[in-house]
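A.B. asks: final.tsv is reproduced in full below (TSV, N, CA and C atoms).
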chain	number	residue	atom	x	y	z
O	1	MET	N	-39.22	5.39	18.04
O	1	MET	CA	-38.21	4.70	17.24
O	1	MET	C	-36.80	5.07	17.70
O	2	ALA	N	-36.64	6.23	18.34
O	2	ALA	CA	-35.30	6.66	18.77
O	2	ALA	C	-34.68	5.65	19.73
O	3	LEU	N	-35.46	5.11	20.66
O	3	LEU	CA	-34.94	4.13	21.59
O	3	LEU	C	-34.48	2.88	20.85
O	4	LYS	N	-35.24	2.44	19.87
O	4	LYS	CA	-34.87	1.25	19.12
O	4	LYS	C	-33.59	1.48	18.32
O	5	ASN	N	-33.38	2.70	17.83
O	5	ASN	CA	-32.14	2.99	17.12
O	5	ASN	C	-30.95	2.87	18.06
O	6	ARG	N	-31.14	3.14	19.34
O	6	ARG	CA	-30.05	2.95	20.30
O	6	ARG	C	-29.83	1.47	20.58
O	7	LEU	N	-30.88	0.67	20.52
O	7	LEU	CA	-30.74	-0.77	20.72
O	7	LEU	C	-30.04	-1.44	19.54
O	8	TYR	N	-30.34	-0.97	18.34
O	8	TYR	CA	-29.81	-1.58	17.12
O	8	TYR	C	-29.14	-0.50	16.28
O	9	PRO	N	-27.92	-0.11	16.64
O	9	PRO	CA	-27.24	0.98	15.92
O	9	PRO	C	-27.17	0.73	14.42
O	10	HIS	N	-27.39	1.71	13.68
O	10	HIS	CA	-27.32	1.83	12.22
O	10	HIS	C	-28.33	1.00	11.44
O	11	LEU	N	-29.27	0.34	12.12
O	11	LEU	CA	-30.36	-0.32	11.39
O	11	LEU	C	-31.42	0.71	11.03
O	12	LEU	N	-31.93	0.61	9.83
O	12	LEU	CA	-33.01	1.49	9.41
O	12	LEU	C	-34.32	1.03	10.05
O	13	PRO	N	-35.30	1.94	10.18
O	13	PRO	CA	-36.56	1.56	10.84
O	13	PRO	C	-37.21	0.30	10.26
O	14	HIS	N	-37.23	0.15	8.93
O	14	HIS	CA	-37.84	-1.05	8.33
O	14	HIS	C	-37.03	-2.30	8.66
O	15	ASP	N	-35.70	-2.14	8.74
O	15	ASP	CA	-34.85	-3.28	9.10
O	15	ASP	C	-35.10	-3.69	10.55
O	16	ILE	N	-35.33	-2.71	11.42
O	16	ILE	CA	-35.63	-3.01	12.81
O	16	ILE	C	-36.90	-3.85	12.92
O	17	GLU	N	-37.91	-3.52	12.11
O	17	GLU	CA	-39.14	-4.31	12.11
O	17	GLU	C	-38.87	-5.76	11.72
O	18	VAL	N	-38.06	-5.95	10.68
O	18	VAL	CA	-37.69	-7.30	10.23
O	18	VAL	C	-36.94	-8.03	11.34
O	19	TRP	N	-35.97	-7.35	11.94
O	19	TRP	CA	-35.16	-7.94	12.99
O	19	TRP	C	-36.01	-8.35	14.19
O	20	GLU	N	-36.92	-7.50	14.60
O	20	GLU	CA	-37.74	-7.83	15.77
O	20	GLU	C	-38.70	-8.98	15.49
O	21	ARG	N	-39.17	-9.11	14.25
O	21	ARG	CA	-39.98	-10.29	13.90
O	21	ARG	C	-39.13	-11.54	14.02
O	22	TRP	N	-37.91	-11.48	13.50
O	22	TRP	CA	-37.01	-12.63	13.56
O	22	TRP	C	-36.66	-12.96	15.02
O	23	LEU	N	-36.36	-11.94	15.81
O	23	LEU	CA	-36.05	-12.17	17.23
O	23	LEU	C	-37.19	-12.88	17.94
O	24	GLY	N	-38.42	-12.49	17.61
O	24	GLY	CA	-39.58	-13.13	18.22
O	24	GLY	C	-39.66	-14.61	17.90
O	25	LEU	N	-39.17	-15.00	16.74
O	25	LEU	CA	-39.20	-16.41	16.32
O	25	LEU	C	-37.98	-17.20	16.79
O	26	TYR	N	-36.80	-16.60	16.71
O	26	TYR	CA	-35.56	-17.36	16.91
O	26	TYR	C	-34.61	-16.80	17.97
O	27	GLY	N	-34.90	-15.64	18.48
O	27	GLY	CA	-33.97	-14.98	19.41
O	27	GLY	C	-33.63	-15.80	20.63
O	28	SER	N	-34.57	-16.60	21.12
O	28	SER	CA	-34.33	-17.39	22.34
O	28	SER	C	-33.30	-18.50	22.13
O	29	GLN	N	-32.93	-18.78	20.88
O	29	GLN	CA	-31.93	-19.81	20.60
O	29	GLN	C	-30.50	-19.29	20.81
O	30	TYR	N	-30.37	-18.02	21.14
O	30	TYR	CA	-29.06	-17.38	21.28
O	30	TYR	C	-28.87	-16.89	22.71
O	31	THR	N	-27.62	-16.91	23.17
O	31	THR	CA	-27.34	-16.40	24.52
O	31	THR	C	-27.30	-14.88	24.52
O	32	HIS	N	-26.77	-14.29	23.45
O	32	HIS	CA	-26.73	-12.83	23.34
O	32	HIS	C	-26.34	-12.43	21.92
O	33	PHE	N	-26.52	-11.14	21.65
O	33	PHE	CA	-26.18	-10.57	20.35
O	33	PHE	C	-25.28	-9.36	20.55
O	34	ASP	N	-24.33	-9.19	19.63
O	34	ASP	CA	-23.54	-7.97	19.54
O	34	ASP	C	-24.04	-7.24	18.30
O	35	TYR	N	-24.12	-5.92	18.38
O	35	TYR	CA	-24.62	-5.13	17.26
O	35	TYR	C	-23.56	-4.15	16.77
O	36	ASP	N	-23.65	-3.84	15.47
O	36	ASP	CA	-22.79	-2.82	14.87
O	36	ASP	C	-21.32	-3.16	15.10
O	37	VAL	N	-20.96	-4.41	14.81
O	37	VAL	CA	-19.62	-4.92	15.08
O	37	VAL	C	-18.68	-4.46	13.96
O	38	ARG	N	-17.66	-3.69	14.36
O	38	ARG	CA	-16.71	-3.14	13.39
O	38	ARG	C	-15.67	-4.18	13.01
O	39	VAL	N	-15.47	-4.34	11.70
O	39	VAL	CA	-14.45	-5.24	11.17
O	39	VAL	C	-13.79	-4.56	9.98
O	40	GLY	N	-12.67	-5.08	9.57
O	40	GLY	CA	-11.95	-4.51	8.44
O	40	GLY	C	-11.06	-3.36	8.87
O	41	GLN	N	-10.26	-2.89	7.96
O	41	GLN	CA	-9.26	-1.87	8.26
O	41	GLN	C	-9.79	-0.45	8.27
O	42	GLY	N	-10.81	-0.17	7.56
O	42	GLY	CA	-11.24	1.21	7.37
O	42	GLY	C	-10.29	1.90	6.40
O	43	ARG	N	-10.60	3.14	6.07
O	43	ARG	CA	-9.79	3.89	5.11
O	43	ARG	C	-9.16	5.09	5.79
O	44	ASP	N	-7.87	5.18	5.71
O	44	ASP	CA	-7.12	6.28	6.30
O	44	ASP	C	-7.26	7.51	5.39
O	45	PRO	N	-7.76	8.64	5.91
O	45	PRO	CA	-7.92	9.82	5.07
O	45	PRO	C	-6.59	10.50	4.72
O	46	GLY	N	-5.52	10.10	5.38
O	46	GLY	CA	-4.20	10.63	5.01
O	46	GLY	C	-3.57	11.51	6.07
O	47	GLU	N	-2.30	11.76	5.89
O	47	GLU	CA	-1.53	12.48	6.89
O	47	GLU	C	-1.78	13.98	6.90
O	48	ASN	N	-2.60	14.48	6.01
O	48	ASN	CA	-2.97	15.90	6.04
O	48	ASN	C	-3.95	16.21	7.17
O	49	TYR	N	-4.46	15.17	7.85
O	49	TYR	CA	-5.42	15.33	8.93
O	49	TYR	C	-4.75	15.12	10.28
O	50	ALA	N	-5.28	15.78	11.28
O	50	ALA	CA	-4.80	15.60	12.65
O	50	ALA	C	-5.00	14.13	13.06
O	51	PRO	N	-4.15	13.61	13.95
O	51	PRO	CA	-4.26	12.19	14.33
O	51	PRO	C	-5.64	11.78	14.81
O	52	ASN	N	-6.31	12.63	15.61
O	52	ASN	CA	-7.64	12.26	16.09
O	52	ASN	C	-8.66	12.21	14.95
O	53	MET	N	-8.56	13.14	14.00
O	53	MET	CA	-9.48	13.15	12.85
O	53	MET	C	-9.17	11.97	11.92
O	54	ARG	N	-7.92	11.66	11.82
O	54	ARG	CA	-7.50	10.54	10.99
O	54	ARG	C	-8.06	9.23	11.56
O	55	GLN	N	-7.96	9.07	12.88
O	55	GLN	CA	-8.51	7.87	13.52
O	55	GLN	C	-10.02	7.82	13.37
O	56	MET	N	-10.67	8.97	13.49
O	56	MET	CA	-12.12	9.01	13.33
O	56	MET	C	-12.50	8.58	11.92
O	57	GLY	N	-11.75	9.02	10.92
O	57	GLY	CA	-12.02	8.62	9.54
O	57	GLY	C	-11.89	7.12	9.36
O	58	ILE	N	-10.86	6.55	9.96
O	58	ILE	CA	-10.66	5.10	9.88
O	58	ILE	C	-11.82	4.37	10.55
O	59	ASP	N	-12.15	4.81	11.78
O	59	ASP	CA	-13.22	4.16	12.54
O	59	ASP	C	-14.55	4.22	11.79
O	60	LEU	N	-14.88	5.38	11.25
O	60	LEU	CA	-16.17	5.54	10.59
O	60	LEU	C	-16.27	4.78	9.27
O	61	SER	N	-15.13	4.47	8.66
O	61	SER	CA	-15.17	3.77	7.38
O	61	SER	C	-15.01	2.27	7.50
O	62	GLN	N	-14.87	1.77	8.73
O	62	GLN	CA	-14.81	0.32	8.89
O	62	GLN	C	-16.15	-0.30	8.53
O	63	ARG	N	-16.10	-1.56	8.10
O	63	ARG	CA	-17.34	-2.31	7.83
O	63	ARG	C	-18.01	-2.59	9.17
O	64	ARG	N	-19.34	-2.71	9.12
O	64	ARG	CA	-20.08	-2.98	10.35
O	64	ARG	C	-21.08	-4.11	10.12
O	65	ILE	N	-20.91	-5.14	10.91
O	65	ILE	CA	-21.84	-6.27	10.87
O	65	ILE	C	-23.09	-5.88	11.65
O	66	ASP	N	-24.27	-6.11	11.07
O	66	ASP	CA	-25.52	-5.74	11.75
O	66	ASP	C	-25.63	-6.41	13.10
O	67	ALA	N	-25.48	-7.74	13.13
O	67	ALA	CA	-25.61	-8.47	14.39
O	67	ALA	C	-24.73	-9.71	14.35
O	68	VAL	N	-24.20	-10.05	15.52
O	68	VAL	CA	-23.46	-11.29	15.70
O	68	VAL	C	-24.17	-12.04	16.81
O	69	GLY	N	-24.72	-13.20	16.46
O	69	GLY	CA	-25.45	-14.01	17.43
O	69	GLY	C	-24.56	-15.07	18.04
O	70	HIS	N	-24.63	-15.19	19.36
O	70	HIS	CA	-23.78	-16.16	20.07
O	70	HIS	C	-24.64	-17.30	20.61
O	71	GLN	N	-24.20	-18.50	20.30
O	71	GLN	CA	-24.79	-19.71	20.84
O	71	GLN	C	-23.68	-20.52	21.49
O	72	LYS	N	-24.07	-21.52	22.24
O	72	LYS	CA	-23.09	-22.34	22.96
O	72	LYS	C	-22.03	-22.92	22.02
O	73	ASP	N	-22.45	-23.36	20.83
O	73	ASP	CA	-21.54	-24.09	19.95
O	73	ASP	C	-21.15	-23.37	18.67
O	74	ARG	N	-21.63	-22.12	18.45
O	74	ARG	CA	-21.26	-21.41	17.22
O	74	ARG	C	-21.58	-19.93	17.33
O	75	ILE	N	-21.05	-19.19	16.35
O	75	ILE	CA	-21.28	-17.76	16.23
O	75	ILE	C	-21.91	-17.52	14.87
O	76	THR	N	-22.95	-16.70	14.83
O	76	THR	CA	-23.65	-16.43	13.58
O	76	THR	C	-23.48	-14.97	13.20
O	77	ILE	N	-22.97	-14.75	11.99
O	77	ILE	CA	-22.84	-13.42	11.42
O	77	ILE	C	-24.15	-13.14	10.69
O	78	ILE	N	-24.85	-12.06	11.09
O	78	ILE	CA	-26.20	-11.81	10.59
O	78	ILE	C	-26.27	-10.47	9.87
O	79	GLU	N	-26.79	-10.51	8.66
O	79	GLU	CA	-27.06	-9.29	7.90
O	79	GLU	C	-28.57	-9.15	7.82
O	80	ILE	N	-29.07	-7.97	8.15
O	80	ILE	CA	-30.51	-7.71	8.26
O	80	ILE	C	-30.90	-6.68	7.20
O	81	THR	N	-31.95	-6.99	6.44
O	81	THR	CA	-32.40	-6.08	5.40
O	81	THR	C	-33.85	-6.38	5.04
O	82	THR	N	-34.49	-5.43	4.38
O	82	THR	CA	-35.85	-5.72	3.92
O	82	THR	C	-35.80	-6.58	2.66
O	83	ALA	N	-34.95	-6.22	1.69
O	83	ALA	CA	-34.89	-6.95	0.44
O	83	ALA	C	-33.45	-7.40	0.18
O	84	ALA	N	-33.19	-8.68	0.33
O	84	ALA	CA	-31.84	-9.21	0.13
O	84	ALA	C	-31.49	-9.19	-1.35
O	85	GLY	N	-30.40	-8.52	-1.65
O	85	GLY	CA	-29.92	-8.41	-3.02
O	85	GLY	C	-28.42	-8.59	-3.08
O	86	LEU	N	-27.83	-8.08	-4.14
O	86	LEU	CA	-26.41	-8.26	-4.38
O	86	LEU	C	-25.54	-7.68	-3.27
O	87	LYS	N	-25.90	-6.50	-2.77
O	87	LYS	CA	-25.14	-5.89	-1.69
O	87	LYS	C	-25.15	-6.79	-0.45
O	88	THR	N	-26.31	-7.32	-0.11
O	88	THR	CA	-26.43	-8.18	1.06
O	88	THR	C	-25.59	-9.44	0.90
O	89	ILE	N	-25.61	-10.03	-0.27
O	89	ILE	CA	-24.83	-11.24	-0.51
O	89	ILE	C	-23.34	-10.93	-0.41
O	90	GLY	N	-22.91	-9.81	-0.95
O	90	GLY	CA	-21.51	-9.42	-0.82
O	90	GLY	C	-21.10	-9.26	0.63
O	91	GLN	N	-21.97	-8.65	1.41
O	91	GLN	CA	-21.67	-8.46	2.83
O	91	GLN	C	-21.59	-9.81	3.55
O	92	ILE	N	-22.53	-10.70	3.28
O	92	ILE	CA	-22.57	-11.97	4.00
O	92	ILE	C	-21.42	-12.90	3.60
O	93	PHE	N	-20.83	-12.70	2.42
O	93	PHE	CA	-19.62	-13.42	2.04
O	93	PHE	C	-18.38	-12.84	2.72
O	94	THR	N	-18.36	-11.54	2.87
O	94	THR	CA	-17.16	-10.84	3.34
O	94	THR	C	-17.06	-10.77	4.86
O	95	TYR	N	-18.16	-10.51	5.54
O	95	TYR	CA	-18.11	-10.28	6.98
O	95	TYR	C	-17.54	-11.44	7.79
O	96	PRO	N	-17.85	-12.69	7.50
O	96	PRO	CA	-17.24	-13.77	8.29
O	96	PRO	C	-15.71	-13.80	8.17
O	97	VAL	N	-15.20	-13.49	6.99
O	97	VAL	CA	-13.75	-13.47	6.80
O	97	VAL	C	-13.13	-12.36	7.65
O	98	LEU	N	-13.73	-11.17	7.60
O	98	LEU	CA	-13.21	-10.05	8.38
O	98	LEU	C	-13.36	-10.29	9.87
O	99	TYR	N	-14.46	-10.90	10.28
O	99	TYR	CA	-14.68	-11.22	11.69
O	99	TYR	C	-13.62	-12.20	12.18
O	100	GLN	N	-13.37	-13.23	11.40
O	100	GLN	CA	-12.37	-14.24	11.75
O	100	GLN	C	-10.99	-13.58	11.91
O	101	ARG	N	-10.64	-12.70	11.00
O	101	ARG	CA	-9.33	-12.05	11.04
O	101	ARG	C	-9.17	-11.15	12.26
O	102	LYS	N	-10.26	-10.51	12.67
O	102	LYS	CA	-10.16	-9.58	13.80
O	102	LYS	C	-10.26	-10.27	15.15
O	103	PHE	N	-11.19	-11.21	15.29
O	103	PHE	CA	-11.51	-11.76	16.60
O	103	PHE	C	-10.96	-13.17	16.85
O	104	HIS	N	-10.59	-13.91	15.81
O	104	HIS	CA	-10.05	-15.27	15.95
O	104	HIS	C	-10.93	-16.14	16.86
O	105	PRO	N	-12.21	-16.26	16.54
O	105	PRO	CA	-13.11	-17.03	17.42
O	105	PRO	C	-12.74	-18.51	17.44
O	106	LEU	N	-13.01	-19.14	18.56
O	106	LEU	CA	-12.74	-20.57	18.70
O	106	LEU	C	-13.93	-21.41	18.25
O	107	LYS	N	-15.09	-20.80	18.18
O	107	LYS	CA	-16.29	-21.50	17.73
O	107	LYS	C	-16.43	-21.32	16.21
O	108	PRO	N	-17.08	-22.28	15.55
O	108	PRO	CA	-17.31	-22.13	14.11
O	108	PRO	C	-18.26	-20.96	13.82
O	109	LEU	N	-18.05	-20.36	12.65
O	109	LEU	CA	-18.91	-19.27	12.19
O	109	LEU	C	-19.90	-19.78	11.16
O	110	ARG	N	-21.06	-19.19	11.18
O	110	ARG	CA	-22.02	-19.43	10.09
O	110	ARG	C	-22.59	-18.08	9.69
O	111	SER	N	-23.16	-18.01	8.51
O	111	SER	CA	-23.73	-16.78	7.98
O	111	SER	C	-25.24	-16.90	7.87
O	112	LEU	N	-25.91	-15.79	8.08
O	112	LEU	CA	-27.37	-15.77	8.01
O	112	LEU	C	-27.83	-14.42	7.49
O	113	ILE	N	-28.72	-14.46	6.53
O	113	ILE	CA	-29.42	-13.25	6.08
O	113	ILE	C	-30.82	-13.30	6.66
O	114	VAL	N	-31.21	-12.22	7.33
O	114	VAL	CA	-32.57	-12.06	7.84
O	114	VAL	C	-33.21	-10.94	7.03
O	115	CYS	N	-34.33	-11.25	6.38
O	115	CYS	CA	-34.94	-10.27	5.48
O	115	CYS	C	-36.45	-10.49	5.39
O	116	SER	N	-37.11	-9.55	4.73
O	116	SER	CA	-38.55	-9.74	4.48
O	116	SER	C	-38.80	-10.22	3.05
O	117	SER	N	-37.78	-10.11	2.18
O	117	SER	CA	-37.89	-10.65	0.82
O	117	SER	C	-36.50	-10.82	0.23
O	118	VAL	N	-36.42	-11.67	-0.80
O	118	VAL	CA	-35.18	-11.90	-1.53
O	118	VAL	C	-35.44	-11.54	-2.98
O	119	GLN	N	-34.55	-10.75	-3.57
O	119	GLN	CA	-34.69	-10.44	-4.98
O	119	GLN	C	-34.56	-11.74	-5.77
O	120	ASP	N	-35.50	-11.96	-6.70
O	120	ASP	CA	-35.60	-13.25	-7.39
O	120	ASP	C	-34.29	-13.71	-8.02
O	121	ASP	N	-33.54	-12.81	-8.64
O	121	ASP	CA	-32.33	-13.25	-9.32
O	121	ASP	C	-31.17	-13.52	-8.36
O	122	MET	N	-31.39	-13.33	-7.08
O	122	MET	CA	-30.36	-13.62	-6.07
O	122	MET	C	-30.51	-15.03	-5.49
O	123	ARG	N	-31.69	-15.62	-5.62
O	123	ARG	CA	-31.93	-16.94	-5.04
O	123	ARG	C	-30.95	-18.02	-5.53
O	124	PRO	N	-30.62	-18.06	-6.82
O	124	PRO	CA	-29.66	-19.10	-7.26
O	124	PRO	C	-28.30	-18.99	-6.57
O	125	ALA	N	-27.81	-17.79	-6.35
O	125	ALA	CA	-26.52	-17.61	-5.69
O	125	ALA	C	-26.60	-18.04	-4.23
O	126	LEU	N	-27.68	-17.69	-3.57
O	126	LEU	CA	-27.85	-18.10	-2.17
O	126	LEU	C	-27.89	-19.61	-2.05
O	127	THR	N	-28.60	-20.24	-2.95
O	127	THR	CA	-28.70	-21.71	-2.95
O	127	THR	C	-27.36	-22.33	-3.29
O	128	ALA	N	-26.69	-21.82	-4.32
O	128	ALA	CA	-25.41	-22.39	-4.77
O	128	ALA	C	-24.35	-22.32	-3.67
O	129	HIS	N	-24.40	-21.30	-2.85
O	129	HIS	CA	-23.40	-21.12	-1.80
O	129	HIS	C	-23.92	-21.50	-0.42
O	130	ASN	N	-25.09	-22.11	-0.40
O	130	ASN	CA	-25.67	-22.61	0.85
O	130	ASN	C	-25.75	-21.54	1.94
O	131	ILE	N	-26.19	-20.35	1.56
O	131	ILE	CA	-26.35	-19.25	2.51
O	131	ILE	C	-27.76	-19.33	3.09
O	132	GLN	N	-27.85	-19.51	4.40
O	132	GLN	CA	-29.16	-19.57	5.03
O	132	GLN	C	-29.80	-18.19	4.97
O	133	THR	N	-31.05	-18.17	4.58
O	133	THR	CA	-31.82	-16.94	4.49
O	133	THR	C	-33.15	-17.16	5.19
O	134	ASP	N	-33.39	-16.39	6.24
O	134	ASP	CA	-34.67	-16.45	6.94
O	134	ASP	C	-35.51	-15.28	6.48
O	135	VAL	N	-36.60	-15.59	5.79
O	135	VAL	CA	-37.52	-14.56	5.30
O	135	VAL	C	-38.64	-14.46	6.32
O	136	VAL	N	-38.75	-13.29	6.95
O	136	VAL	CA	-39.79	-13.09	7.99
O	136	VAL	C	-40.62	-11.88	7.67
Starting from the file, lay out its structure as structure tokens.

C.D. replies:
Amino acid sequence: MALKNRLYPHLLPHDIEVWERWLGLYGSQYTHFDYDVRVGQGRDPGENYAPNMRQMGIDLSQRRIDAVGHQKDRITIIEITTAAGLKTIGQIFTYPVLYQRKFHPLKPLRSLIVCSSVQDDMRPALTAHNIQTDVV
């Protein structure tokens, strides 16, 4: 599993299993993927810290997108989890905005949740906001 953790930084072992199932089904539709994509400002620990430690604090507290899938005509922001719930929905609403602000892509963005299950009370929100969810 150590090698897979290097391939997919910060994904948990169960999330890696979900991701690899999804890749087996849909991965060939993409030219490439970026992993652990940092977005957002991060949190500055303050001037009481040395500049290098301060920068490390900012870097480590930035938001991280699990995967960004690239296709010829669009970019997909992907959140990977075993059970999609409120945290996942919050991330999938926020990450495209932060990605747009940082990278200014010329291609349209779309959002995708890849999971093995969706918490029942989350389905209405996903449907209402037209968030694609691939359950694998």

A.B. asks: To one decimal place in Å, what is the distance between atom C of Gly46 in chain O and CA of Pro96 in chain O?

C.D. replies: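 Atom C of Gly46 in chain O sits 28.8 Å away from CA of Pro96 in chain O.
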
A.B. asks: Do a neighbour search on His14 in chain O at 6.5 Å with only N, CA and C atoms, toss out local chain neighbours closer than 5 positions, and write the hits as a list in words.

C.D. replies: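 The filter keeps Trp19, Thr81 and Thr82 of chain O.
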
A.B. asks: Report, in Å to a single decimal, how far apart atom N of Asp73 in chain O and CA of Tyr8 in chain O are.

C.D. replies: 23.3 Å

A.B. asks: Pick out the closest residue to Pro108 in chain O from this set: O:Gly42, O:Pro9, O:Gly69, O:Gly24. Count only C-alpha atoms.

C.D. replies: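 So, comparing all the options, the nearest one is O:Gly69.
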
A.B. asks: What's the separation between atom C of Val135 in chain O and CA of Val114 in chain O, in Å to one decimal place?

C.D. replies: 6.7 Å

A.B. asks: Could you give me the residues within chain O that DSSP places in helix (DSSP H, G or I), as a PyMOL selection string?

C.D. replies: chain O and resi 2-7+13-29+51-61+86-103+120-128

A.B. asks: Could you tell me which of O:Pro51, O:Pro45, O:Gly40, O:Gly27 comes closest to Val97 in chain O if we count all atoms listed in the file?

C.D. replies: O:Gly40

A.B. asks: Between O:Ile78, O:Val68, O:Met53, O:Ala84, which has the minimum distance to Asp120 in chain O (counting all atoms listed in the file)?

C.D. replies: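 Nearest candidate to Asp120 in chain O out of O:Ile78, O:Val68, O:Met53, O:Ala84: O:Ala84.
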
A.B. asks: Counting all atoms listed in the file, which residue out of O:Ile58, O:Val18, O:Leu98, O:Leu12 sits closest to Asp44 in chain O?

C.D. replies: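 Of the candidates, the smallest distance to Asp44 in chain O is held by O:Ile58.
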
A.B. asks: Could you give me the residues within range 3-87 of chain O that DSSP places in strand (DSSP E or B), as a list in words?

C.D. replies: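 Answer for range 3-87 of chain O restricted to strand (DSSP E or B) is His32, Phe33, Asp34, Tyr35, Asp36, Val37, Arg38, Val39, Arg63, Arg64, Ile65, Asp66, Ala67, Val68, Gly69, His70, Ile75, Thr76, Ile77, Ile78, Glu79, Ile80, Thr81, Thr82, Ala83 and Ala84 of chain O.
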
A.B. asks: Can you tell me, as a count of residues only, what residues are no more than 7 Å from Leu112 in chain O when counting only N, CA and C atoms, ignoring any on the same chain fewer than 2 positions away?

C.D. replies: 12

A.B. asks: Using all atoms listed in the file, list the residues that have an atom at most 7 Å from (-30.0, -9.1, -1.3), coordinates as in the file, as a list in words.

C.D. replies: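 The residues that fall inside the cut-off are Ala83, Ala84, Gly85, Leu86, Lys87, Thr88, Ile89, Ser117, Val118, Gln119 and Met122 of chain O.
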